[in-house]
$ cat coords-v1.cif   # mmCIF, C-alpha atoms
data_input
#
loop_
_atom_site.label_atom_id
_atom_site.label_comp_id
_atom_site.auth_asym_id
_atom_site.auth_seq_id
_atom_site.Cartn_x
_atom_site.Cartn_y
_atom_site.Cartn_z
CA MET A 101 93.57 75.38 184.45
CA GLU A 102 95.26 72.74 186.59
CA LEU A 103 95.61 69.52 184.57
CA LEU A 104 97.44 67.34 187.09
CA LYS A 105 98.28 67.56 190.76
CA GLY A 106 100.47 65.38 192.95
CA VAL A 107 99.81 65.73 196.68
CA ASN A 108 102.23 64.62 199.42
CA LEU A 109 103.77 61.84 197.34
CA THR A 110 106.17 59.50 199.11
CA HIS A 111 107.92 56.47 197.64
CA ALA A 112 110.69 54.17 198.82
CA TYR A 113 112.25 50.85 197.96
CA ASP A 114 115.16 49.85 200.21
CA TYR A 115 115.72 53.59 200.66
CA THR A 116 113.56 56.69 200.38
CA LEU A 117 113.43 58.33 196.95
CA PHE A 118 111.18 61.23 197.87
CA GLU A 119 108.95 62.15 200.77
CA ASN A 120 105.79 64.30 200.90
CA VAL A 121 106.50 66.04 197.59
CA SER A 122 103.74 67.98 195.86
CA LEU A 123 103.50 69.49 192.40
CA SER A 124 100.98 71.01 190.06
CA VAL A 125 100.88 71.16 186.25
CA GLN A 126 98.96 74.10 184.86
CA GLU A 127 97.76 74.39 181.29
CA GLY A 128 100.47 75.89 179.05
CA GLU A 129 103.38 75.06 181.33
CA SER A 130 106.47 73.20 180.09
CA ILE A 131 108.10 71.44 183.04
CA ALA A 132 111.31 69.41 183.31
CA ILE A 133 112.17 67.18 186.26
CA LEU A 134 115.91 67.07 187.01
CA GLY A 135 118.10 65.29 189.53
CA VAL A 136 121.07 63.00 189.83
CA SER A 137 120.86 59.44 188.54
CA GLY A 138 118.85 57.22 190.86
CA CYS A 139 117.11 60.03 192.73
CA GLY A 140 113.65 58.90 191.61
CA LYS A 141 112.80 61.06 188.58
CA SER A 142 111.38 58.26 186.44
CA THR A 143 109.66 56.73 189.48
CA LEU A 144 107.91 60.05 190.12
CA LEU A 145 106.94 60.24 186.45
CA HIS A 146 105.51 56.70 186.57
CA ILE A 147 103.45 57.60 189.65
CA LEU A 148 102.07 60.67 187.89
CA CYS A 149 101.11 58.44 184.95
CA ALA A 150 99.41 55.88 187.23
CA LEU A 151 101.93 53.23 186.21
CA LEU A 152 103.03 52.94 189.82
CA LYS A 153 101.21 53.47 193.10
CA PRO A 154 103.02 55.66 195.64
CA ASN A 155 103.57 54.51 199.21
CA SER A 156 101.46 57.49 200.24
CA GLY A 157 99.88 60.55 198.66
CA GLU A 158 97.59 60.91 195.66
CA VAL A 159 97.53 62.12 192.06
CA ILE A 160 94.55 64.13 190.82
CA TYR A 161 93.79 64.34 187.08
CA ASN A 162 91.77 67.18 185.60
CA GLY A 163 92.85 66.98 181.97
CA ARG A 164 90.73 65.02 179.50
CA SER A 165 93.76 63.32 177.98
CA ILE A 166 97.19 62.66 179.41
CA TYR A 167 99.60 60.74 177.20
CA GLU A 168 102.88 59.31 178.42
CA LEU A 169 105.91 58.37 176.31
CA SER A 170 108.15 56.24 178.48
CA SER A 171 111.87 55.65 178.09
CA ASP A 172 111.35 52.00 177.08
CA GLU A 173 109.60 52.89 173.82
CA ARG A 174 106.07 52.15 175.02
CA LEU A 175 103.21 54.60 174.60
CA LYS A 176 100.57 54.50 177.30
CA ILE A 177 97.34 56.45 177.59
CA ARG A 178 96.22 57.33 181.08
CA ARG A 179 92.89 59.00 180.25
CA ASN A 180 91.05 60.01 177.11
CA ASP A 181 87.57 60.68 175.83
CA PHE A 182 87.43 57.61 173.60
CA GLY A 183 88.83 55.00 175.99
CA ILE A 184 91.31 53.98 173.29
CA ILE A 185 94.35 51.83 173.99
CA PHE A 186 97.03 51.69 171.32
CA GLN A 187 97.90 48.02 171.37
CA SER A 188 97.71 46.38 167.94
CA HIS A 189 100.26 45.52 165.27
CA TYR A 190 100.56 48.68 163.18
CA LEU A 191 101.33 52.36 163.59
CA PHE A 192 98.24 54.16 164.92
CA LYS A 193 96.94 50.67 165.45
CA GLY A 194 94.01 48.72 164.04
CA PHE A 195 91.24 49.06 166.61
CA SER A 196 88.42 46.59 167.07
CA SER A 197 85.48 48.95 166.55
CA GLY A 198 84.61 50.90 163.42
CA GLU A 199 84.81 54.20 165.28
CA ASN A 200 88.31 53.47 166.50
CA ILE A 201 89.48 52.30 163.08
CA GLU A 202 88.19 55.58 161.62
CA LEU A 203 89.99 57.57 164.30
CA ALA A 204 93.21 55.62 163.76
CA ALA A 205 93.06 56.36 160.03
CA LYS A 206 92.43 60.05 160.77
CA LEU A 207 95.42 60.22 163.12
CA THR A 208 97.65 58.52 160.56
CA ASN A 209 96.55 60.95 157.82
CA ASN A 210 97.09 63.89 160.16
CA ALA A 211 100.60 62.67 160.92
CA ILE A 212 101.31 62.46 157.20
CA ASP A 213 99.75 65.86 156.42
CA ASP A 214 101.58 67.55 159.31
CA GLY A 215 104.89 66.08 158.19
CA ILE A 216 105.43 64.34 161.53
CA LEU A 217 106.25 60.96 160.01
CA LYS A 218 108.64 62.48 157.49
CA LYS A 219 110.43 64.62 160.06
CA LEU A 220 110.89 61.59 162.33
CA GLN A 221 111.91 59.45 159.33
CA ILE A 222 109.27 56.79 159.90
CA GLU A 223 106.93 57.42 156.95
CA HIS A 224 108.03 54.10 155.45
CA THR A 225 107.05 52.14 158.59
CA LEU A 226 103.27 52.42 158.12
CA LYS A 227 102.94 48.89 156.73
CA GLN A 228 105.52 47.29 158.99
CA GLY A 229 104.82 45.49 162.22
CA VAL A 230 106.22 47.13 165.31
CA GLY A 231 108.35 44.05 165.95
CA GLU A 232 110.11 44.61 162.63
CA LEU A 233 111.28 48.08 163.63
CA SER A 234 114.50 48.99 165.38
CA GLY A 235 114.42 50.35 168.92
CA GLY A 236 114.97 53.87 167.61
CA GLN A 237 112.14 53.53 165.09
CA GLN A 238 109.80 52.23 167.78
CA LYS A 239 110.62 55.23 169.96
CA ARG A 240 109.90 57.61 167.09
CA VAL A 241 106.64 55.81 166.24
CA ALA A 242 105.54 56.21 169.87
CA LEU A 243 106.55 59.89 169.80
CA ALA A 244 104.53 60.41 166.60
CA ASN A 245 101.53 58.82 168.32
CA VAL A 246 101.84 61.31 171.16
CA LEU A 247 102.25 64.37 168.98
CA VAL A 248 99.50 63.74 166.46
CA THR A 249 96.79 63.18 169.08
CA GLU A 250 97.46 66.59 170.67
CA PRO A 251 96.48 65.66 174.25
CA ASP A 252 95.92 68.16 177.05
CA LEU A 253 99.15 67.05 178.73
CA ILE A 254 102.14 65.27 177.21
CA ILE A 255 104.44 63.41 179.60
CA LEU A 256 107.83 62.48 178.12
CA ASP A 257 110.70 60.41 179.49
CA GLU A 258 113.94 61.19 177.61
CA PRO A 259 112.18 62.33 174.40
CA THR A 260 115.39 63.09 172.47
CA ASN A 261 116.79 59.57 172.78
CA HIS A 262 117.11 58.01 169.29
CA LEU A 263 116.69 61.41 167.59
CA ASP A 264 119.37 63.03 165.47
CA LEU A 265 120.13 66.76 165.61
CA ASP A 266 117.69 67.71 162.84
CA MET A 267 114.89 65.75 164.53
CA ILE A 268 115.64 67.38 167.89
CA GLU A 269 115.56 70.86 166.38
CA TRP A 270 112.27 70.07 164.65
CA LEU A 271 110.80 68.67 167.89
CA GLU A 272 111.82 71.82 169.77
CA GLY A 273 109.97 73.96 167.27
CA TYR A 274 106.93 71.68 167.28
CA LEU A 275 106.62 71.68 171.07
CA ASN A 276 107.08 75.45 171.25
CA ARG A 277 104.19 76.09 168.87
CA GLY A 278 100.75 76.68 170.31
CA ASN A 279 99.92 76.25 173.96
CA LYS A 280 101.14 72.71 174.62
CA THR A 281 101.49 71.48 178.19
CA LEU A 282 104.55 69.32 178.85
CA LEU A 283 106.04 67.38 181.74
CA MET A 284 109.31 65.60 181.02
CA VAL A 285 112.45 64.00 182.31
CA THR A 286 115.46 64.66 180.09
CA HIS A 287 119.23 64.77 180.35
CA ASP A 288 119.44 66.92 177.21
CA ARG A 289 120.22 70.29 178.79
CA PHE A 290 120.14 72.23 175.51
CA PHE A 291 116.72 70.78 174.66
CA LEU A 292 115.13 71.58 178.01
CA ASP A 293 116.68 75.06 178.02
CA ARG A 294 114.85 75.83 174.77
CA VAL A 295 111.59 74.06 175.57
CA CYS A 296 110.91 74.24 179.33
CA ASN A 297 109.97 77.26 181.42
CA ILE A 298 109.78 75.52 184.80
CA ILE A 299 112.30 73.13 186.34
CA LEU A 300 111.60 70.78 189.24
CA GLU A 301 114.70 69.44 190.97
CA LEU A 302 114.44 66.22 192.95
CA ASP A 303 117.20 66.39 195.56
CA ASN A 304 117.60 64.80 198.99
CA HIS A 305 114.02 63.41 198.97
CA THR A 306 112.61 66.89 198.27
CA LEU A 307 111.23 68.62 195.18
CA TYR A 308 112.39 72.20 194.50
CA THR A 309 110.69 74.49 191.98
CA TYR A 310 112.51 76.99 189.70
CA ARG A 311 110.36 79.14 187.42
CA GLY A 312 112.77 79.77 184.60
CA ASN A 313 115.01 78.04 182.07
CA TYR A 314 118.07 75.89 182.70
CA ALA A 315 120.44 78.83 183.11
CA TYR A 316 118.10 80.35 185.72
CA TYR A 317 117.90 76.98 187.46
CA LEU A 318 121.69 76.68 187.72
CA GLU A 319 121.96 80.15 189.25
CA LYS A 320 119.17 79.67 191.80
CA ARG A 321 120.21 76.11 192.64
CA GLN A 322 123.71 77.30 193.53
CA ALA A 323 122.24 80.07 195.65
CA ARG A 324 120.10 77.51 197.49
CA ILE A 325 123.12 75.29 198.15
CA ASP A 326 125.23 78.25 199.33
CA ASN A 327 122.47 79.35 201.71
CA ALA A 328 122.11 75.84 203.12
CA ARG A 329 125.88 75.62 203.72
CA ALA A 330 125.89 79.03 205.41
CA GLU A 331 123.05 78.02 207.71
CA LEU A 332 124.84 74.79 208.60
CA ALA A 333 128.04 76.70 209.37
CA ARG A 334 126.17 79.12 211.64
CA ALA A 335 124.49 76.22 213.43
CA ASN A 336 127.89 74.64 214.14
#
$ encode --input "coords-v1.cif" --output "structure tokens"
Amino acid sequence: MELLKGVNLTHAYDYTLFENVSLSVQEGESIAILGVSGCGKSTLLHILCALLKPNSGEVIYNGRSIYELSSDERLKIRRNDFGIIFQSHYLFKGFSSGENIELAAKLTNNAIDDGILKKLQIEHTLKQGVGELSGGQQKRVALANVLVTEPDLIILDEPTNHLDLDMIEWLEGYLNRGNKTLLMVTHDRFFLDRVCNIILELDNHTLYTYRGNYAYYLEKRQARIDNARAELARAN
């Protein structure tokens, strides 16, 4: 099942980041977007999360719930069955309606029962306001929110920031269990090599697809570059 599709996406500021790029996220896929700094990876992610409108092209959503964990420690929900927005003072948030309060309590209990809060070392933050937490704690609270709700598609921007080695190893195992669908930007090559099975490279305004892990990507990327150089040499 196709959960998300980007069609002919183009975006530019003073210069073009990418032009007419298309991608598809199928259920069960774990996808990483790579590219040099400033190439537009996070911009593309924000467009896919409807945080930013592209200059042209469209994004089509088929999943019931698509959760995005951004690099600035904010959790945003693009679509879900309940129309919930996590926006209040506490972890798993105090919602205005009785139904939402009940759901928030259920999510919190699930996070405790599943050991998510303990593994991320935030079990003691339940009664603290978000403003009282450090940046790293806020990031881990947002990550716990994403994981415990088990959405159709999880979109992550630098998920291993503010995590120690034990947390990263636990997160790898958690994401590899079941049939989770992931789309992420990360600079942690070891993490993506163990978690992702598809790599999208944003390079020279174009998106290239590699269906394999990081080692496979490096091999095929070099082959692509060598072929392009050979074609240029023949043309000259």
$ residues_near_point --input "coords-v1.cif" --point "(111.3, 51.6, 166.0)" --cutoff "7 Å" --atoms "only C-alpha atoms" --output "PyMOL selection string"
chain A and resi 230+233-241
$ closest_atom_pairs --input "coords-v1.cif" --of "region 242-301 of chain A" --to "region 149-160 of chain A" --cutoff "12 Å" --atoms "only C-alpha atoms" --output "tab-separated table"
residue	atom	partner	partner_atom	distance
A:Leu253	CA	A:Cys149	CA	10.8
A:Ile254	CA	A:Cys149	CA	10.4
A:Ile255	CA	A:Cys149	CA	8.0
A:Leu256	CA	A:Cys149	CA	10.4
A:Asp257	CA	A:Cys149	CA	11.2
A:Leu283	CA	A:Cys149	CA	10.7
A:Met284	CA	A:Cys149	CA	11.6
$ residues_near_point --input "coords-v1.cif" --point "(119.1, 63.3, 173.6)" --cutoff "6 Å" --atoms "all atoms listed in the file" --output "ChimeraX atom specification"
/A:260-261,288
$ atom_distance --input "coords-v1.cif" --atom1 "CA of Tyr274 (chain A)" --atom2 "CA of Ile216 (chain A)"
9.4 Å
$ closest_residue --input "coords-v1.cif" --among "A:Leu144, A:Ala333, A:Leu217, A:Ala242" --to "Leu109 (chain A)" --atoms "all atoms listed in the file"
A:Leu144
$ atom_distance --input "coords-v1.cif" --atom1 "CA of Ile268 (chain A)" --atom2 "CA of Leu247 (chain A)"
13.8 Å
$ residues_around --input "coords-v1.cif" --residues "Asn313 (chain A)" --least-positions-apart "2" --cutoff "9 Å" --atoms "all atoms listed in the file" --output "ChimeraX atom specification"
/A:292-299,310-311,315-318
$ atom_distance --input "coords-v1.cif" --atom1 "CA of Ile325 (chain A)" --atom2 "CA of Thr116 (chain A)"
21.0 Å
$ closest_residue --input "coords-v1.cif" --among "A:Glu258, A:Glu119, A:Glu269, A:Asp326" --to "Val285 (chain A)" --atoms "only C-alpha atoms"
A:Glu258
$ axis_aligned_box --input "coords-v1.cif" --around "region 133-136 of chain A" --padding-each-side "8 Å" --output "AutoDock Vina command-line options"
--center_x 116.6 --center_y 65.1 --center_z 188.0 --size_x 24.9 --size_y 20.2 --size_z 19.6
$ closest_residue --input "coords-v1.cif" --among "A:Tyr161, A:Leu243, A:Phe118, A:Ser142" --to "Gly106 (chain A)" --atoms "only C-alpha atoms"
A:Tyr161
$ closest_residue --input "coords-v1.cif" --among "A:Val107, A:Leu134, A:Leu302, A:Ala244" --to "Ile212 (chain A)" --atoms "all atoms listed in the file"
A:Ala244
$ closest_residue --input "coords-v1.cif" --among "A:Val121, A:Leu103, A:Ala132, A:Gln126" --to "His287 (chain A)" --atoms "all atoms listed in the file"
A:Ala132
$ closest_residue --input "coords-v1.cif" --among "A:Ser130, A:Thr143, A:Ser124, A:Gln221" --to "Arg277 (chain A)" --atoms "only C-alpha atoms"
A:Ser130
